[in-house]
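Structure first, commentary second.
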Amino acid sequence: MRHKIAVLLCGVSAMLLVNCYGQNNSKTQPDQKNTVYSRTDSSPVKVSDKEWEKILSPEVYKVARLKGTERPFTSEYEHSKEVGTFYCAVCGNPLFRSNAKYESGCGWPSFFEPISKKSILEAADNSLGMRRVEVMCGRCKSHLGHVFEDGPPPTGLRYCINGVVLDFEKAQAANKKYNSKK
Ligand SMILES: [Zn+2]
């Protein structure tokens with residue numbers, strides 16, 4: 001009997017583990033159903049929110065399509081110093097490079113500039129009784145975060161971005177070079 005319970009518990013733990021990893025993967029390796037995800041195709045994406053709800057994980061959907069905000073100090077990318085590129089987790093559009101990332105201390109990954117002006121879209125956001133500028137993905141118009149004018153030089157801007165809508169890819173070549181010097 002005891003043995004059976006142990007086996008059962010192991011099974012449950014394994015299921016929970018699979019679940020956790022599954023969720024992780026759905027962010028970094030989008031679901032196969034997400035046929036528009038591409039890191040090279042820059043053509044505009046037109047998918048209804050109803051469709052996105054079926055494709056994206058609930059965490060990504062809430063921020064990207066319902067303009068939600070992830071809890072501060074929860075993103076793995078907030079303090080990341082790895083060299084590489086940050087892509088839109090919804091459509092794969094390249095958004096920010098790690099060399100434009102800095103520690104703002106605000107609780108979310110922060111950048112002083114996007115890869116290009118076309119990488120993002122900006123819009124006035126007067127919700128919650130505040131005047132803010134919303135930042136959206138330039139390709140799929142998913143909500144990413146906000147931009148504030150209290151950033152460091154050279155731009156003086158702080159792009160405050162929800163980590164859950166970012167996919168990160170390490171720069172392989174740069175990494176290899178660095179490691180070979182060790
Ligand atoms: Zn996008």
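Residue numbering restarts at 1 for every chain of the structure tokens, chains are lettered A, B, ... in their displayed order, and ligands are numbered from 1 as they appear.
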
So which residues touch region 135-143 of chain A within 8 Å, counting only C-alpha atoms, skipping near sequence neighbours fewer than 2 positions away, as a VMD selection string?
chain A and resid 42 to 46 63 to 67 88 90 to 91 93 95 118 to 123 133 145 to 147 159

Could you write out that same residue set with N, CA and C atoms as a PDB file, in the first residue's frame?
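Now in out.pdb:
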ATOM      1  N   SER A  42       8.939  40.126 -41.243  1.00  0.00           N
ATOM      2  CA  SER A  42       8.520  41.377 -40.605  1.00  0.00           C
ATOM      3  C   SER A  42       7.144  41.843 -41.094  1.00  0.00           C
ATOM      4  N   SER A  43       6.457  41.003 -41.873  1.00  0.00           N
ATOM      5  CA  SER A  43       5.140  41.418 -42.376  1.00  0.00           C
ATOM      6  C   SER A  43       4.142  41.532 -41.216  1.00  0.00           C
ATOM      7  N   PRO A  44       3.224  42.527 -41.305  1.00  0.00           N
ATOM      8  CA  PRO A  44       2.303  42.765 -40.184  1.00  0.00           C
ATOM      9  C   PRO A  44       1.452  41.533 -39.851  1.00  0.00           C
ATOM     10  N   VAL A  45       1.149  41.405 -38.581  1.00  0.00           N
ATOM     11  CA  VAL A  45       0.386  40.253 -38.095  1.00  0.00           C
ATOM     12  C   VAL A  45      -1.030  40.712 -37.763  1.00  0.00           C
ATOM     13  N   LYS A  46      -2.007  40.022 -38.332  1.00  0.00           N
ATOM     14  CA  LYS A  46      -3.389  40.354 -37.976  1.00  0.00           C
ATOM     15  C   LYS A  46      -4.088  39.104 -37.467  1.00  0.00           C
ATOM     16  N   VAL A  63      -0.994  39.991 -20.505  1.00  0.00           N
ATOM     17  CA  VAL A  63      -0.183  41.205 -20.678  1.00  0.00           C
ATOM     18  C   VAL A  63      -0.270  41.706 -22.123  1.00  0.00           C
ATOM     19  N   ALA A  64      -0.044  40.797 -23.079  1.00  0.00           N
ATOM     20  CA  ALA A  64       0.070  41.201 -24.487  1.00  0.00           C
ATOM     21  C   ALA A  64      -1.239  41.710 -25.075  1.00  0.00           C
ATOM     22  N   ARG A  65      -2.333  41.031 -24.779  1.00  0.00           N
ATOM     23  CA  ARG A  65      -3.579  41.379 -25.461  1.00  0.00           C
ATOM     24  C   ARG A  65      -4.565  42.134 -24.563  1.00  0.00           C
ATOM     25  N   LEU A  66      -4.445  41.967 -23.243  1.00  0.00           N
ATOM     26  CA  LEU A  66      -5.366  42.688 -22.342  1.00  0.00           C
ATOM     27  C   LEU A  66      -4.647  43.852 -21.659  1.00  0.00           C
ATOM     28  N   LYS A  67      -3.439  44.173 -22.114  1.00  0.00           N
ATOM     29  CA  LYS A  67      -2.632  45.268 -21.579  1.00  0.00           C
ATOM     30  C   LYS A  67      -2.419  45.151 -20.070  1.00  0.00           C
ATOM     31  N   CYS A  88       9.788  39.721 -29.407  1.00  0.00           N
ATOM     32  CA  CYS A  88       8.404  39.693 -28.953  1.00  0.00           C
ATOM     33  C   CYS A  88       8.010  38.228 -28.767  1.00  0.00           C
ATOM     34  N   VAL A  90       5.178  37.040 -28.571  1.00  0.00           N
ATOM     35  CA  VAL A  90       3.934  36.743 -29.289  1.00  0.00           C
ATOM     36  C   VAL A  90       4.208  36.442 -30.764  1.00  0.00           C
ATOM     37  N   CYS A  91       5.054  37.289 -31.413  1.00  0.00           N
ATOM     38  CA  CYS A  91       5.225  37.130 -32.867  1.00  0.00           C
ATOM     39  C   CYS A  91       6.677  36.940 -33.304  1.00  0.00           C
ATOM     40  N   ASN A  93       9.115  39.242 -33.315  1.00  0.00           N
ATOM     41  CA  ASN A  93       9.731  40.481 -33.816  1.00  0.00           C
ATOM     42  C   ASN A  93      10.916  40.892 -32.924  1.00  0.00           C
ATOM     43  N   LEU A  95      13.046  43.135 -30.758  1.00  0.00           N
ATOM     44  CA  LEU A  95      12.643  44.381 -30.090  1.00  0.00           C
ATOM     45  C   LEU A  95      13.806  45.166 -29.487  1.00  0.00           C
ATOM     46  N   LYS A 118      11.057  51.129 -35.954  1.00  0.00           N
ATOM     47  CA  LYS A 118       9.963  50.281 -36.438  1.00  0.00           C
ATOM     48  C   LYS A 118       9.701  49.074 -35.526  1.00  0.00           C
ATOM     49  N   SER A 119      10.651  48.787 -34.639  1.00  0.00           N
ATOM     50  CA  SER A 119      10.475  47.615 -33.758  1.00  0.00           C
ATOM     51  C   SER A 119       9.255  47.756 -32.881  1.00  0.00           C
ATOM     52  N   ILE A 120       8.948  49.009 -32.523  1.00  0.00           N
ATOM     53  CA  ILE A 120       7.857  49.243 -31.573  1.00  0.00           C
ATOM     54  C   ILE A 120       6.887  50.311 -32.087  1.00  0.00           C
ATOM     55  N   LEU A 121       5.729  50.369 -31.439  1.00  0.00           N
ATOM     56  CA  LEU A 121       4.737  51.420 -31.688  1.00  0.00           C
ATOM     57  C   LEU A 121       4.466  52.086 -30.344  1.00  0.00           C
ATOM     58  N   GLU A 122       4.174  53.369 -30.392  1.00  0.00           N
ATOM     59  CA  GLU A 122       3.861  54.062 -29.138  1.00  0.00           C
ATOM     60  C   GLU A 122       2.479  54.687 -29.220  1.00  0.00           C
ATOM     61  N   ALA A 123       1.786  54.763 -28.086  1.00  0.00           N
ATOM     62  CA  ALA A 123       0.453  55.376 -28.059  1.00  0.00           C
ATOM     63  C   ALA A 123       0.219  55.998 -26.692  1.00  0.00           C
ATOM     64  N   VAL A 133       3.005  56.735 -21.806  1.00  0.00           N
ATOM     65  CA  VAL A 133       3.107  56.359 -23.216  1.00  0.00           C
ATOM     66  C   VAL A 133       3.263  54.842 -23.278  1.00  0.00           C
ATOM     67  N   GLY A 145       4.703  47.343 -22.626  1.00  0.00           N
ATOM     68  CA  GLY A 145       4.949  48.100 -21.394  1.00  0.00           C
ATOM     69  C   GLY A 145       4.766  49.577 -21.662  1.00  0.00           C
ATOM     70  N   HIS A 146       5.604  50.400 -21.021  1.00  0.00           N
ATOM     71  CA  HIS A 146       5.512  51.859 -21.190  1.00  0.00           C
ATOM     72  C   HIS A 146       6.907  52.450 -21.347  1.00  0.00           C
ATOM     73  N   VAL A 147       6.960  53.676 -21.896  1.00  0.00           N
ATOM     74  CA  VAL A 147       8.244  54.368 -21.993  1.00  0.00           C
ATOM     75  C   VAL A 147       8.158  55.665 -21.193  1.00  0.00           C
ATOM     76  N   TYR A 159      12.490  52.334 -21.379  1.00  0.00           N
ATOM     77  CA  TYR A 159      11.458  51.429 -21.866  1.00  0.00           C
ATOM     78  C   TYR A 159      11.279  50.361 -20.799  1.00  0.00           C
TER      79      TYR A 159
END

Going by DSSP on the backbone, which bits of region 7-140 of chain A are strand (DSSP E)? Write them as JSON, numbers by chain, please.
{"A": [84, 85, 86, 87, 88, 94, 95, 96, 97, 101, 102, 110, 111, 120, 121, 122, 123, 124, 125, 132, 133, 134, 135, 136, 137]}

Out of A:Thr85, A:Val60, A:Ser116, A:Ser80, which residue has the shortest atom-to-atom distance to Tyr102 (chain A) when counting only C-alpha atoms?
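Closest to Tyr102 (chain A), using only C-alpha atoms: A:Ser80.
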
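Among A:Asp167, A:Glu76, A:Phe111, A:Gly84, the residue with the shortest atom-to-atom distance to Asp150 (chain A), counting only C-alpha atoms, is A:Phe111.
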
Between CA of Gly92 (chain A) and CA of Thr40 (chain A) lies a distance of 7.9 Å

For CA of Glu149 (chain A) and CA of Gly107 (chain A), quote the distance in Å rounded to one decimal.
16.6 Å

Among the residues of region 77-124 of chain A, find those DSSP assigns to helix (DSSP H, G or I) from the backbone and print them as a VMD selection string.
chain A and resid 98 to 100 117 to 119

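One finds CA of Tyr77 (chain A) at 16.2 Å from CA of Glu113 (chain A).
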
Taking 3 positions as the minimum chain separation for residues in the same chain, which residues sit within 7 Å of Asn162 (chain A) when counting only C-alpha atoms? Answer as a PyMOL selection string.
chain A and resi 69-70+108-109+144-145+165

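Excluding Phe73 (chain A) itself and same-chain residues fewer than 5 positions from it, the residues having an atom within 12 Å of it are A:Glu78, A:His79, A:Glu103, A:Ser104, A:Gly105, A:Cys106, A:Gly107, A:Trp108, A:Pro109, A:Ser110, A:Ile161, A:Asn162, A:Gly163, A:Val164, counting only C-alpha atoms.
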
Contact residues around Lys54 (chain A) with only C-alpha atoms at 10 Å, ignoring same-chain residues under 6 positions, as a PyMOL selection string
chain A and resi 33-34+61

Pick from A:Pro72, A:Leu166, A:Met130, A:Cys160: nearest to ligand 1, with only C-alpha atoms and all ligand atoms counted?
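For ligand 1, the nearest of the given residues is A:Leu166.
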
Closest of A:Val83, A:Ala124, A:Ala100, A:Leu56 to Leu157 (chain A), counting only C-alpha atoms, is A:Ala100

Point out the residue among A:Lys62, A:Gly156, A:Tyr87, A:Asp41 with the least atom-to-atom distance to ligand 1, counting only C-alpha atoms and all ligand atoms.
A:Tyr87
